[in-house]
file protein_11.cif (mmCIF, C-alpha atoms and all ligand atoms)
data_my_file
loop_
_atom_site.label_atom_id
_atom_site.label_comp_id
_atom_site.auth_asym_id
_atom_site.auth_seq_id
_atom_site.Cartn_x
_atom_site.Cartn_y
_atom_site.Cartn_z
CA MET J 1 10.19 7.66 20.70
CA ILE J 2 7.10 8.04 18.51
CA ALA J 3 3.93 6.61 20.06
CA VAL J 4 2.06 4.32 17.71
CA ALA J 5 -1.48 5.56 17.20
CA PRO J 6 -4.29 3.87 15.27
CA SER J 7 -4.29 5.31 11.78
CA ARG J 8 -3.30 8.84 12.83
CA ALA J 9 -3.43 10.45 16.26
CA PRO J 10 -6.20 12.96 16.99
CA VAL J 11 -5.00 16.48 16.33
CA SER J 12 -7.35 19.13 17.75
CA ALA J 13 -7.28 19.89 21.48
CA PRO J 14 -10.68 19.45 23.10
CA VAL J 15 -11.86 22.14 25.53
CA ALA J 16 -13.16 19.94 28.37
CA ALA J 17 -10.65 18.00 30.46
CA PRO J 18 -10.52 14.32 29.46
CA GLY J 19 -11.99 11.90 31.98
CA PRO J 20 -10.70 8.41 32.80
CA VAL J 21 -10.79 6.28 29.65
CA ARG J 22 -13.82 3.98 29.52
CA VAL J 23 -13.59 3.19 25.81
CA PRO J 24 -10.22 3.62 24.09
CA PHE J 25 -10.01 4.66 20.47
CA SER J 26 -8.04 1.52 19.73
CA ASP J 27 -6.17 -1.24 21.51
CA MET J 28 -3.09 -2.53 19.72
CA ARG J 29 -2.11 -4.77 22.61
CA ALA J 30 -5.43 -6.66 22.62
CA GLN J 31 -4.81 -7.73 19.04
CA PHE J 32 -1.20 -8.65 19.65
CA ALA J 33 -2.22 -10.81 22.63
CA GLN J 34 -4.15 -13.09 20.23
CA VAL J 35 -1.08 -13.90 18.14
CA ARG J 36 1.63 -13.39 20.75
CA GLY J 37 2.89 -16.98 21.04
CA GLU J 38 2.95 -17.58 17.31
CA VAL J 39 4.59 -14.25 16.57
CA LEU J 40 7.31 -14.61 19.18
CA ASP J 41 8.16 -18.09 17.89
CA ALA J 42 8.33 -16.79 14.32
CA LEU J 43 10.50 -13.85 15.37
CA ALA J 44 12.90 -16.19 17.13
CA GLY J 45 13.04 -18.22 13.91
CA VAL J 46 13.89 -15.12 11.88
CA ALA J 47 16.52 -14.02 14.40
CA ASP J 48 18.09 -17.48 14.39
CA SER J 49 18.04 -17.65 10.59
CA GLY J 50 20.36 -14.68 10.21
CA GLY J 51 18.32 -13.37 7.25
CA TYR J 52 16.68 -10.10 8.27
CA ILE J 53 15.65 -8.40 5.06
CA LEU J 54 13.13 -9.78 2.51
CA GLY J 55 13.61 -13.57 2.35
CA PRO J 56 11.14 -16.49 2.66
CA HIS J 57 8.79 -14.95 5.25
CA VAL J 58 8.26 -11.87 3.10
CA ALA J 59 7.82 -14.01 -0.03
CA ALA J 60 5.25 -16.23 1.70
CA PHE J 61 3.34 -13.21 2.93
CA GLU J 62 3.40 -11.65 -0.55
CA SER J 63 1.87 -14.81 -2.04
CA ALA J 64 -0.86 -14.97 0.61
CA PHE J 65 -1.69 -11.28 0.24
CA ALA J 66 -1.82 -11.48 -3.58
CA ALA J 67 -4.07 -14.54 -3.43
CA ALA J 68 -6.43 -12.89 -0.93
CA HIS J 69 -6.81 -9.91 -3.26
CA GLY J 70 -7.08 -11.93 -6.47
CA VAL J 71 -4.01 -10.34 -8.06
CA LYS J 72 -0.94 -11.87 -9.69
CA HIS J 73 1.83 -9.98 -7.92
CA CYS J 74 2.44 -8.48 -4.50
CA ILE J 75 5.66 -6.67 -3.65
CA GLY J 76 6.25 -6.10 0.04
CA VAL J 77 7.82 -2.76 0.91
CA ASN J 78 8.64 -0.69 3.97
CA THR J 79 5.58 1.62 4.01
CA GLY J 80 2.33 2.30 2.21
CA THR J 81 3.75 5.59 1.00
CA SER J 82 6.59 3.72 -0.74
CA ALA J 83 4.06 1.32 -2.27
CA LEU J 84 2.17 4.22 -3.87
CA HIS J 85 5.41 5.84 -4.99
CA LEU J 86 6.53 2.66 -6.78
CA ALA J 87 3.10 2.23 -8.38
CA LEU J 88 3.27 5.76 -9.79
CA ILE J 89 6.81 5.30 -11.11
CA ALA J 90 5.80 2.03 -12.76
CA ALA J 91 2.83 3.84 -14.32
CA GLY J 92 5.30 6.24 -15.92
CA VAL J 93 4.63 9.27 -13.71
CA GLY J 94 7.60 11.63 -13.63
CA SER J 95 8.72 15.19 -13.31
CA GLY J 96 6.25 17.78 -14.59
CA ASP J 97 3.36 15.32 -14.84
CA GLU J 98 0.00 15.51 -13.11
CA VAL J 99 -1.93 12.89 -11.19
CA VAL J 100 -5.63 13.32 -10.45
CA THR J 101 -6.45 12.48 -6.83
CA VAL J 102 -8.57 13.63 -3.87
CA PRO J 103 -7.86 16.22 -1.17
CA MET J 104 -9.88 14.17 1.38
CA THR J 105 -7.24 11.66 2.41
CA PHE J 106 -4.19 11.17 4.57
CA ILE J 107 -1.39 13.31 3.16
CA ALA J 108 0.71 10.34 2.00
CA THR J 109 -1.48 9.91 -1.11
CA SER J 110 -0.15 13.25 -2.32
CA TRP J 111 3.39 12.70 -1.04
CA ALA J 112 3.75 9.76 -3.42
CA ILE J 113 2.82 12.03 -6.34
CA SER J 114 5.20 14.76 -5.18
CA TYR J 115 8.06 12.26 -4.76
CA CYS J 116 7.77 11.61 -8.53
CA GLY J 117 8.21 15.32 -9.20
CA ALA J 118 4.57 15.39 -10.33
CA THR J 119 1.69 17.59 -9.17
CA PRO J 120 -1.45 16.37 -7.42
CA VAL J 121 -4.54 17.71 -9.18
CA PHE J 122 -7.48 17.47 -6.83
CA VAL J 123 -11.05 16.39 -7.46
CA ASP J 124 -13.68 16.79 -4.74
CA VAL J 125 -15.27 13.74 -3.14
CA ASP J 126 -18.90 12.72 -3.37
CA PRO J 127 -21.05 13.90 -0.46
CA GLU J 128 -22.23 10.44 0.61
CA THR J 129 -19.17 8.22 0.59
CA TYR J 130 -16.39 10.84 0.69
CA THR J 131 -14.53 9.06 -2.12
CA MET J 132 -13.51 10.51 -5.51
CA ASP J 133 -16.48 11.89 -7.42
CA PRO J 134 -16.14 10.28 -10.88
CA ASP J 135 -18.26 12.99 -12.50
CA ARG J 136 -15.66 15.62 -11.68
CA VAL J 137 -12.61 13.79 -13.02
CA ALA J 138 -12.81 14.51 -16.77
CA ALA J 139 -12.69 18.27 -16.20
CA LYS J 140 -9.35 17.88 -14.40
CA ILE J 141 -7.56 15.91 -17.09
CA SER J 142 -4.93 17.75 -19.10
CA ARG J 143 -2.19 16.78 -21.54
CA ARG J 144 0.10 16.32 -18.55
CA THR J 145 -2.16 13.89 -16.65
CA LYS J 146 -0.45 10.53 -16.28
CA ALA J 147 -2.66 8.67 -13.78
CA ILE J 148 -5.82 8.75 -11.68
CA MET J 149 -5.45 7.79 -8.03
CA PRO J 150 -8.66 7.41 -5.98
CA VAL J 151 -8.58 6.52 -2.28
CA HIS J 152 -10.70 3.81 -0.66
CA LEU J 153 -11.26 6.10 2.29
CA TYR J 154 -12.04 4.65 5.72
CA GLY J 155 -12.12 1.16 4.14
CA GLN J 156 -14.88 1.90 1.62
CA PRO J 157 -14.07 1.34 -2.07
CA ALA J 158 -14.30 4.32 -4.38
CA ASP J 159 -16.72 4.08 -7.33
CA LEU J 160 -14.44 1.80 -9.33
CA THR J 161 -16.72 1.11 -12.30
CA ALA J 162 -17.21 4.79 -13.03
CA LEU J 163 -13.56 5.60 -12.36
CA ARG J 164 -12.38 2.79 -14.61
CA ALA J 165 -14.65 4.10 -17.34
CA VAL J 166 -13.18 7.60 -17.17
CA ALA J 167 -9.61 6.25 -16.92
CA ASP J 168 -10.19 4.03 -19.97
CA ARG J 169 -11.78 6.89 -21.89
CA PHE J 170 -8.59 8.93 -21.49
CA GLY J 171 -6.22 5.95 -21.72
CA LEU J 172 -4.90 6.58 -18.20
CA PRO J 173 -3.79 4.05 -15.58
CA LEU J 174 -5.91 3.82 -12.44
CA ILE J 175 -3.94 3.41 -9.22
CA GLU J 176 -5.89 2.49 -6.10
CA ASP J 177 -4.80 3.94 -2.77
CA ALA J 178 -6.01 0.92 -0.79
CA ALA J 179 -3.98 1.76 2.33
CA GLN J 180 -7.15 1.59 4.45
CA ALA J 181 -9.06 -1.08 2.59
CA HIS J 182 -7.50 -4.56 2.90
CA LEU J 183 -10.05 -7.09 1.60
CA ALA J 184 -12.80 -4.54 0.98
CA THR J 185 -14.89 -5.64 -1.99
CA TYR J 186 -16.45 -3.82 -4.90
CA ALA J 187 -19.01 -5.75 -6.97
CA GLY J 188 -17.95 -8.88 -5.11
CA LYS J 189 -14.26 -8.53 -5.96
CA PRO J 190 -11.51 -7.43 -3.57
CA VAL J 191 -9.99 -4.01 -4.18
CA GLY J 192 -6.44 -3.90 -5.52
CA GLY J 193 -7.04 -5.48 -8.92
CA PHE J 194 -9.26 -2.86 -10.55
CA GLY J 195 -6.53 -0.81 -12.14
CA PHE J 196 -2.87 -0.82 -13.05
CA ALA J 197 -1.67 -1.20 -9.44
CA ALA J 198 -2.70 -0.57 -5.83
CA GLY J 199 -0.86 0.42 -2.67
CA PHE J 200 -1.58 -0.95 0.81
CA SER J 201 -0.26 0.14 4.21
CA PHE J 202 0.53 -2.09 7.17
CA TYR J 203 1.01 0.76 9.61
CA PRO J 204 0.18 -0.80 13.01
CA GLY J 205 -3.32 0.68 13.33
CA LYS J 206 -4.41 -0.46 9.88
CA ASN J 207 -6.81 -3.43 9.48
CA LEU J 208 -3.74 -5.54 8.74
CA GLY J 209 -0.94 -4.00 10.77
CA ALA J 210 2.71 -4.84 11.26
CA CYS J 211 4.57 -4.36 14.55
CA GLY J 212 6.38 -1.52 12.86
CA GLU J 213 6.14 -0.09 9.37
CA GLY J 214 5.10 -2.01 6.26
CA GLY J 215 3.38 -1.69 2.90
CA ALA J 216 2.76 -3.56 -0.34
CA VAL J 217 2.06 -2.77 -3.94
CA VAL J 218 -0.02 -5.19 -5.99
CA THR J 219 -0.48 -5.48 -9.75
CA ASN J 220 -1.48 -7.89 -12.51
CA ASP J 221 1.12 -6.42 -14.86
CA ASP J 222 4.17 -8.72 -15.09
CA ALA J 223 6.60 -6.08 -16.36
CA ALA J 224 5.52 -3.52 -13.77
CA ALA J 225 5.86 -6.12 -11.01
CA ALA J 226 9.41 -6.99 -12.08
CA ARG J 227 10.35 -3.33 -12.23
CA MET J 228 8.85 -2.49 -8.82
CA ARG J 229 10.51 -5.56 -7.29
CA ALA J 230 13.86 -4.27 -8.50
CA LEU J 231 13.13 -0.63 -7.59
CA ARG J 232 12.40 -1.46 -3.95
CA ASP J 233 15.88 -3.01 -3.71
CA HIS J 234 18.12 -0.26 -5.14
CA ALA J 235 16.91 -1.15 -8.66
CA GLN J 236 19.14 -4.19 -8.65
CA THR J 237 18.40 -6.69 -11.36
CA GLN J 238 21.57 -8.48 -10.38
CA ARG J 239 23.66 -7.83 -7.29
CA TYR J 240 25.50 -4.46 -7.59
CA HIS J 241 24.04 -3.81 -11.03
CA HIS J 242 21.61 -0.89 -11.01
CA ALA J 243 19.48 -0.41 -14.08
CA GLU J 244 18.03 2.93 -12.92
CA ILE J 245 17.81 5.06 -9.80
CA GLY J 246 16.31 2.85 -7.12
CA PHE J 247 15.23 2.99 -3.50
CA ASN J 248 15.70 1.10 -0.30
CA TYR J 249 12.02 0.27 0.20
CA ARG J 250 12.52 -3.35 1.27
CA MET J 251 10.26 -5.06 3.78
CA ASP J 252 12.15 -6.59 6.68
CA ALA J 253 11.82 -10.27 7.47
CA MET J 254 10.32 -9.81 10.94
CA GLN J 255 7.47 -7.69 9.59
CA GLY J 256 6.95 -10.26 6.82
CA ALA J 257 6.70 -13.02 9.41
CA ILE J 258 4.27 -11.05 11.59
CA LEU J 259 2.10 -10.08 8.63
CA GLY J 260 2.04 -13.69 7.44
CA ILE J 261 0.68 -14.76 10.81
CA LYS J 262 -1.85 -11.94 10.97
CA MET J 263 -3.05 -12.80 7.45
CA LYS J 264 -4.57 -15.94 8.93
CA HIS J 265 -6.75 -13.81 11.19
CA ILE J 266 -7.68 -10.90 8.96
CA GLY J 267 -10.85 -12.59 7.69
CA ARG J 268 -12.14 -13.04 11.23
CA TRP J 269 -11.06 -9.53 12.29
CA THR J 270 -12.72 -8.00 9.25
CA ALA J 271 -15.94 -9.92 9.91
CA ARG J 272 -15.94 -8.58 13.47
CA ARG J 273 -15.45 -5.00 12.23
CA ARG J 274 -18.45 -5.50 9.96
CA VAL J 275 -20.63 -6.77 12.81
CA LEU J 276 -19.65 -3.80 14.98
CA ALA J 277 -20.23 -1.33 12.14
CA GLU J 278 -23.70 -2.76 11.43
CA ARG J 279 -24.45 -2.52 15.12
CA TYR J 280 -23.38 1.15 15.26
CA LEU J 281 -25.46 1.90 12.16
CA ASP J 282 -28.46 0.30 13.79
CA LEU J 283 -28.05 1.82 17.24
CA LEU J 284 -27.28 5.33 15.97
CA ARG J 285 -29.82 5.48 13.14
CA ASP J 286 -32.28 7.84 14.85
CA LEU J 287 -29.69 10.34 16.04
CA PRO J 288 -29.40 13.77 14.37
CA ILE J 289 -25.98 13.06 12.92
CA ASP J 290 -24.57 11.97 9.53
CA LEU J 291 -23.78 8.25 9.55
CA PRO J 292 -21.52 6.48 7.05
CA VAL J 293 -23.28 5.56 3.82
CA VAL J 294 -22.35 2.27 2.16
CA ARG J 295 -22.06 2.40 -1.60
CA ARG J 296 -24.31 -0.09 -3.35
CA GLY J 297 -22.43 -3.25 -4.31
CA CYS J 298 -19.60 -2.55 -1.85
CA ASP J 299 -18.60 -4.39 1.27
CA PRO J 300 -16.40 -1.94 3.20
CA VAL J 301 -13.97 -3.11 5.85
CA TRP J 302 -14.59 -0.28 8.33
CA HIS J 303 -11.05 0.82 8.94
CA LEU J 304 -12.63 3.93 10.44
CA PHE J 305 -16.22 4.63 11.48
CA VAL J 306 -16.64 8.33 10.77
CA LEU J 307 -19.60 10.58 11.66
CA LEU J 308 -20.26 14.18 10.62
CA HIS J 309 -21.78 16.90 12.78
CA PRO J 310 -21.39 20.71 12.66
CA GLU J 311 -20.68 20.73 16.43
CA ARG J 312 -17.91 18.18 16.05
CA ASP J 313 -15.43 19.83 18.43
CA ARG J 314 -17.95 20.18 21.25
CA ILE J 315 -19.14 16.61 20.81
CA ARG J 316 -15.60 15.25 20.87
CA ALA J 317 -14.72 17.25 23.97
CA GLU J 318 -17.84 16.01 25.79
CA LEU J 319 -17.19 12.40 24.77
CA GLU J 320 -13.58 12.67 25.88
CA ALA J 321 -14.65 14.16 29.22
CA ARG J 322 -16.91 11.13 29.69
CA GLY J 323 -14.17 8.66 28.86
CA VAL J 324 -14.93 7.92 25.20
CA GLN J 325 -11.96 8.50 22.94
CA THR J 326 -12.48 9.55 19.35
CA GLY J 327 -10.26 10.30 16.35
CA LEU J 328 -10.11 12.90 13.56
CA HIS J 329 -9.63 11.69 9.99
CA TYR J 330 -8.73 14.24 8.71
CA PRO J 331 -9.12 17.80 10.02
CA VAL J 332 -7.10 19.65 7.36
CA PRO J 333 -7.67 18.73 3.71
CA VAL J 334 -4.56 18.19 1.62
CA HIS J 335 -5.19 21.23 -0.62
CA LEU J 336 -5.12 23.52 2.44
CA GLN J 337 -1.94 22.08 3.96
CA PRO J 338 0.96 24.56 4.11
CA ALA J 339 3.09 21.90 2.37
CA TYR J 340 0.96 22.44 -0.75
CA ALA J 341 0.60 26.23 -0.53
CA ASN J 342 2.46 26.40 -3.87
CA LEU J 343 -0.59 24.91 -5.59
CA GLY J 344 -2.47 28.13 -4.79
CA HIS J 345 -5.65 26.59 -3.42
CA GLU J 346 -7.91 28.38 -1.00
CA ALA J 347 -10.81 27.56 1.30
CA GLY J 348 -13.93 26.95 -0.78
CA ASP J 349 -12.13 25.16 -3.64
CA PHE J 350 -13.42 21.71 -2.59
CA PRO J 351 -16.57 22.26 -0.51
CA VAL J 352 -17.46 18.62 0.17
CA THR J 353 -13.97 17.77 1.35
CA GLU J 354 -13.88 20.91 3.49
CA ARG J 355 -17.19 20.04 5.11
CA VAL J 356 -15.96 16.54 5.93
CA ALA J 357 -12.74 17.95 7.39
CA ARG J 358 -14.71 20.44 9.51
CA GLU J 359 -17.37 18.05 10.78
CA CYS J 360 -15.80 14.58 10.92
CA PHE J 361 -14.94 12.57 13.98
CA THR J 362 -14.23 8.87 14.35
CA LEU J 363 -15.77 6.47 16.87
CA PRO J 364 -13.82 3.56 18.37
CA LEU J 365 -14.12 0.52 16.10
CA PHE J 366 -11.61 -2.30 16.25
CA PRO J 367 -12.13 -6.07 16.33
CA GLU J 368 -11.54 -6.40 20.06
CA LEU J 369 -14.12 -3.72 20.98
CA THR J 370 -16.79 -5.38 23.11
CA GLU J 371 -20.51 -4.85 22.69
CA GLY J 372 -20.53 -3.46 26.23
CA GLN J 373 -17.95 -0.84 25.25
CA GLN J 374 -19.89 -0.09 22.10
CA ASP J 375 -23.04 0.44 24.17
CA VAL J 376 -21.13 2.95 26.31
CA VAL J 377 -20.14 4.84 23.15
CA VAL J 378 -23.71 4.86 21.85
CA GLU J 379 -25.28 5.90 25.17
CA THR J 380 -22.71 8.62 25.75
CA LEU J 381 -23.05 10.02 22.25
CA THR J 382 -26.84 9.95 22.55
CA ASP J 383 -26.67 11.95 25.81
CA VAL J 384 -24.16 14.40 24.40
CA LEU J 385 -26.29 15.08 21.32
CA LYS J 386 -29.41 15.57 23.44
CA ALA J 387 -27.62 18.12 25.59
CA LEU J 388 -26.30 20.20 22.69
C1 LIG P 401 -5.06 6.75 2.60
C2 LIG P 401 -3.63 6.48 2.96
N1 LIG P 401 -2.69 6.51 2.00
C3 LIG P 401 -1.41 6.24 2.27
C4 LIG P 401 -0.99 5.93 3.54
C5 LIG P 401 0.48 5.73 3.79
O1 LIG P 401 0.80 4.55 4.44
P1 LIG P 401 2.08 4.49 5.40
O2 LIG P 401 1.75 5.24 6.64
O3 LIG P 401 2.26 3.02 5.63
O4 LIG P 401 3.22 5.08 4.66
C6 LIG P 401 -1.94 5.85 4.58
C7 LIG P 401 -1.58 5.45 5.94
O5 LIG P 401 -1.26 6.11 6.82
C8 LIG P 401 -3.29 6.16 4.28
O6 LIG P 401 -4.22 6.13 5.25
#

call {"tool": "encode", "arguments": {"input": "protein_11.cif", "output": "C-alpha cells", "more": "lines below"}}
Ligand SMILES: Cc1ncc(COP(=O)(O)O)c(C=O)c1O
result
Amino acid sequence: MIAVAPSRAPVSAPVAAPGPVRVPFSDMRAQFAQVRGEVLDALAGVADSGGYILGPHVAAFESAFAAAHGVKHCIGVNTGTSALHLALIAAGVGSGDEVVTVPMTFIATSWAISYCGATPVFVDVDPETYTMDPDRVAAKISRRTKAIMPVHLYGQPADLTALRAVADRFGLPLIEDAAQAHLATYAGKPVGGFGFAAGFSFYPGKNLGACGEGGAVVTNDDAAAARMRALRDHAQTQRYHHAEIGFNYRMDAMQGAILGIKMKHIGRWTARRRVLAERYLDLLRDLPIDLPVVRRGCDPVWHLFVLLHPERDRIRAELEARGVQTGLHYPVPVHLQPAYANLGHEAGDFPVTERVARECFTLPLFPELTEGQQDVVVETLTDVLKAL
C-alpha cells in the first residue's frame, strides 16, 4: 500500500537519527476529524445510491469550485496530472509541439506535456518567488511552441500580468498549473481564470484534498469545456459513440461528495494557513535564512512554506533529530531528472532552479498546526541555525 504523504514525501536521508516527533510535517487525520460525520453520511448516501462514477455529487462540486474561482466551467477528473493533460489537448498541443514551462515544479507538470507527445521547453524561475520568469519566456518561443504553462508554486501565483502579455504577444494560450494554489489570488482575482485553462490537484495533502486521488480542469471557453468533458469519459459525446481517442479520467462520486463537503471549509482553512504563514514570517524574520517572498498584489495560499539555506541537509537532519519534521519540494529539478535525459540538459542550465533545489526545505504548515507547535518549530530552527 502507498502511504499518503502531504504533497510529496521527503526524499533525502538525513544523517542524524530522527527523534520522537514533536511537530509532524502534516496531519491528514486532524483535518478529516473536522468533517468526519458529514463525510461518512455523504459516503453512505453515495453507496446507497448505486451511482459511483461522476453523477450529482461531482456536478455539485464542479459548480461550487467554478464559482469559487470565478470561472464558467469546471470538469472534475481523477488527478491533477489528467487535468493538465486535458487542458493541453484542448489547447491543441500534440505530437512534435513544444510547451514552455518551468523546471522548478513537481514532475507532473512536464508529464502532462510529454503525454501529448510534446516537449517541455524550460524557462528558469525568478529568484524571489521561484515562479516562471516572464522576461525569459520570449527567447524560448519557437515555431513549434503551442502553449505556455507557468506553475503557481507552493501556492503563490506566477506573474500572470507579465505572462499574459507575452502569451498574447505570441498568440499562445496560457495554461495555469494551479495544482498547489486553490483560491490563491492575483490582483484580487482567484487563479484559474487568467488564461485558456487551469489544472488543479486534489491529492490528499493539497489545500483542498480528496480522500484519494482527484483533480479538476477549469476554463471559460465553452467549446474547450465540452471537449474536455467528453475526453475525460472516453470521448463519448453519446453513449458508445467516440468522436476521438479519449481517456478514462472520470472523478468518482465519493471523491466528489468529499470535495463538496470540504469546499465549505476551504475558506477557513486557507485563512488559517495565511495566519500561520504571517506568523512564521514575523518570527523568523531576523534569522540568517531566505524566507518566502510574496509577490506584490498576490495573496498566496501557503500550500508549502519553503525556506532556502546552503546547509539545508544539516539543518533538516538536526530538526528531525529534535522532533521537527520537514519536507523537500523539490530536490531534483525536472531538467535533471533521468526521465528527461533525452532533452540533453546539464547542471548549470537553470541556475535559479538548481539553487532552490539544492537549498530548499519545507516547514510544517497546515491549518490544524497549533501556535504552540509553531513555536517549537521556530525555537528549534533558531537553535539549529545558531549552532551551525
Ligand atoms: C505543481 C503540480 N502539478 C501537478 C500535480 C499533479 O497532481 P496529481 O498528483 O493530482 O496528479 C501536482 C501534485 O502533485 C503538483 O504539485

call {"tool": "residues_near_ligand", "arguments": {"input": "protein_11.cif", "ligand": "ligand LIG 401 (chain P)", "cutoff": "6 Å", "atoms": "only C-alpha atoms and all ligand atoms", "output": "PyMOL selection string"}}
result
chain J and resi 7+79-81+105-106+108-109+177+179-180+201-203+214-215

call {"tool": "atom_distance", "arguments": {"input": "protein_11.cif", "atom1": "atom CA of J:Leu183", "atom2": "atom CA of J:Cys360"}}
result
24.3 Å

call {"tool": "atom_distance", "arguments": {"input": "protein_11.cif", "atom1": "atom CA of J:Met132", "atom2": "atom CA of J:Val352"}}
result
10.7 Å

call {"tool": "atom_distance", "arguments": {"input": "protein_11.cif", "atom1": "atom CA of J:Glu379", "atom2": "atom CA of J:Val294"}}
result
23.5 Å

call {"tool": "closest_residue", "arguments": {"input": "protein_11.cif", "among": "J:His335, J:Arg355, J:Arg274, J:His69", "to": "J:Glu311", "atoms": "only C-alpha atoms"}}
result
J:Arg355

call {"tool": "closest_residue", "arguments": {"input": "protein_11.cif", "among": "J:Ala64, J:Leu385, J:Ala139, J:Ala90", "to": "J:Ala226", "atoms": "only C-alpha atoms"}}
result
J:Ala90

call {"tool": "residues_around", "arguments": {"input": "protein_11.cif", "residues": "stretch 147-150 of chain J", "least_positions_apart": "3", "cutoff": "9 Å", "atoms": "only C-alpha atoms", "output": "MDAnalysis selection string"}}
result
chainID J and resid 88 91:93 98:102 109 131:132 137 153 158:160 163 167 172:178

call {"tool": "closest_residue", "arguments": {"input": "protein_11.cif", "among": "J:Lys146, J:Arg232, J:His242, J:Arg285", "to": "J:Ala118", "atoms": "only C-alpha atoms"}}
result
J:Lys146

call {"tool": "closest_residue", "arguments": {"input": "protein_11.cif", "among": "J:Gln337, J:Tyr330, J:Glu278, J:Ala321", "to": "J:Val21", "atoms": "only C-alpha atoms"}}
result
J:Ala321

call {"tool": "residues_around", "arguments": {"input": "protein_11.cif", "residues": "J:Ala387", "least_positions_apart": "2", "cutoff": "12 Å", "atoms": "all atoms listed in the file", "output": "list in words"}}
result
Glu311, Arg314, Ile315, Glu318, Leu319, Thr380, Leu381, Thr382, Asp383, Val384 and Leu385 of chain J

call {"tool": "closest_residue", "arguments": {"input": "protein_11.cif", "among": "J:Val218, J:Ala317, J:Val166, J:Leu259", "to": "J:Val35", "atoms": "all atoms listed in the file"}}
result
J:Leu259
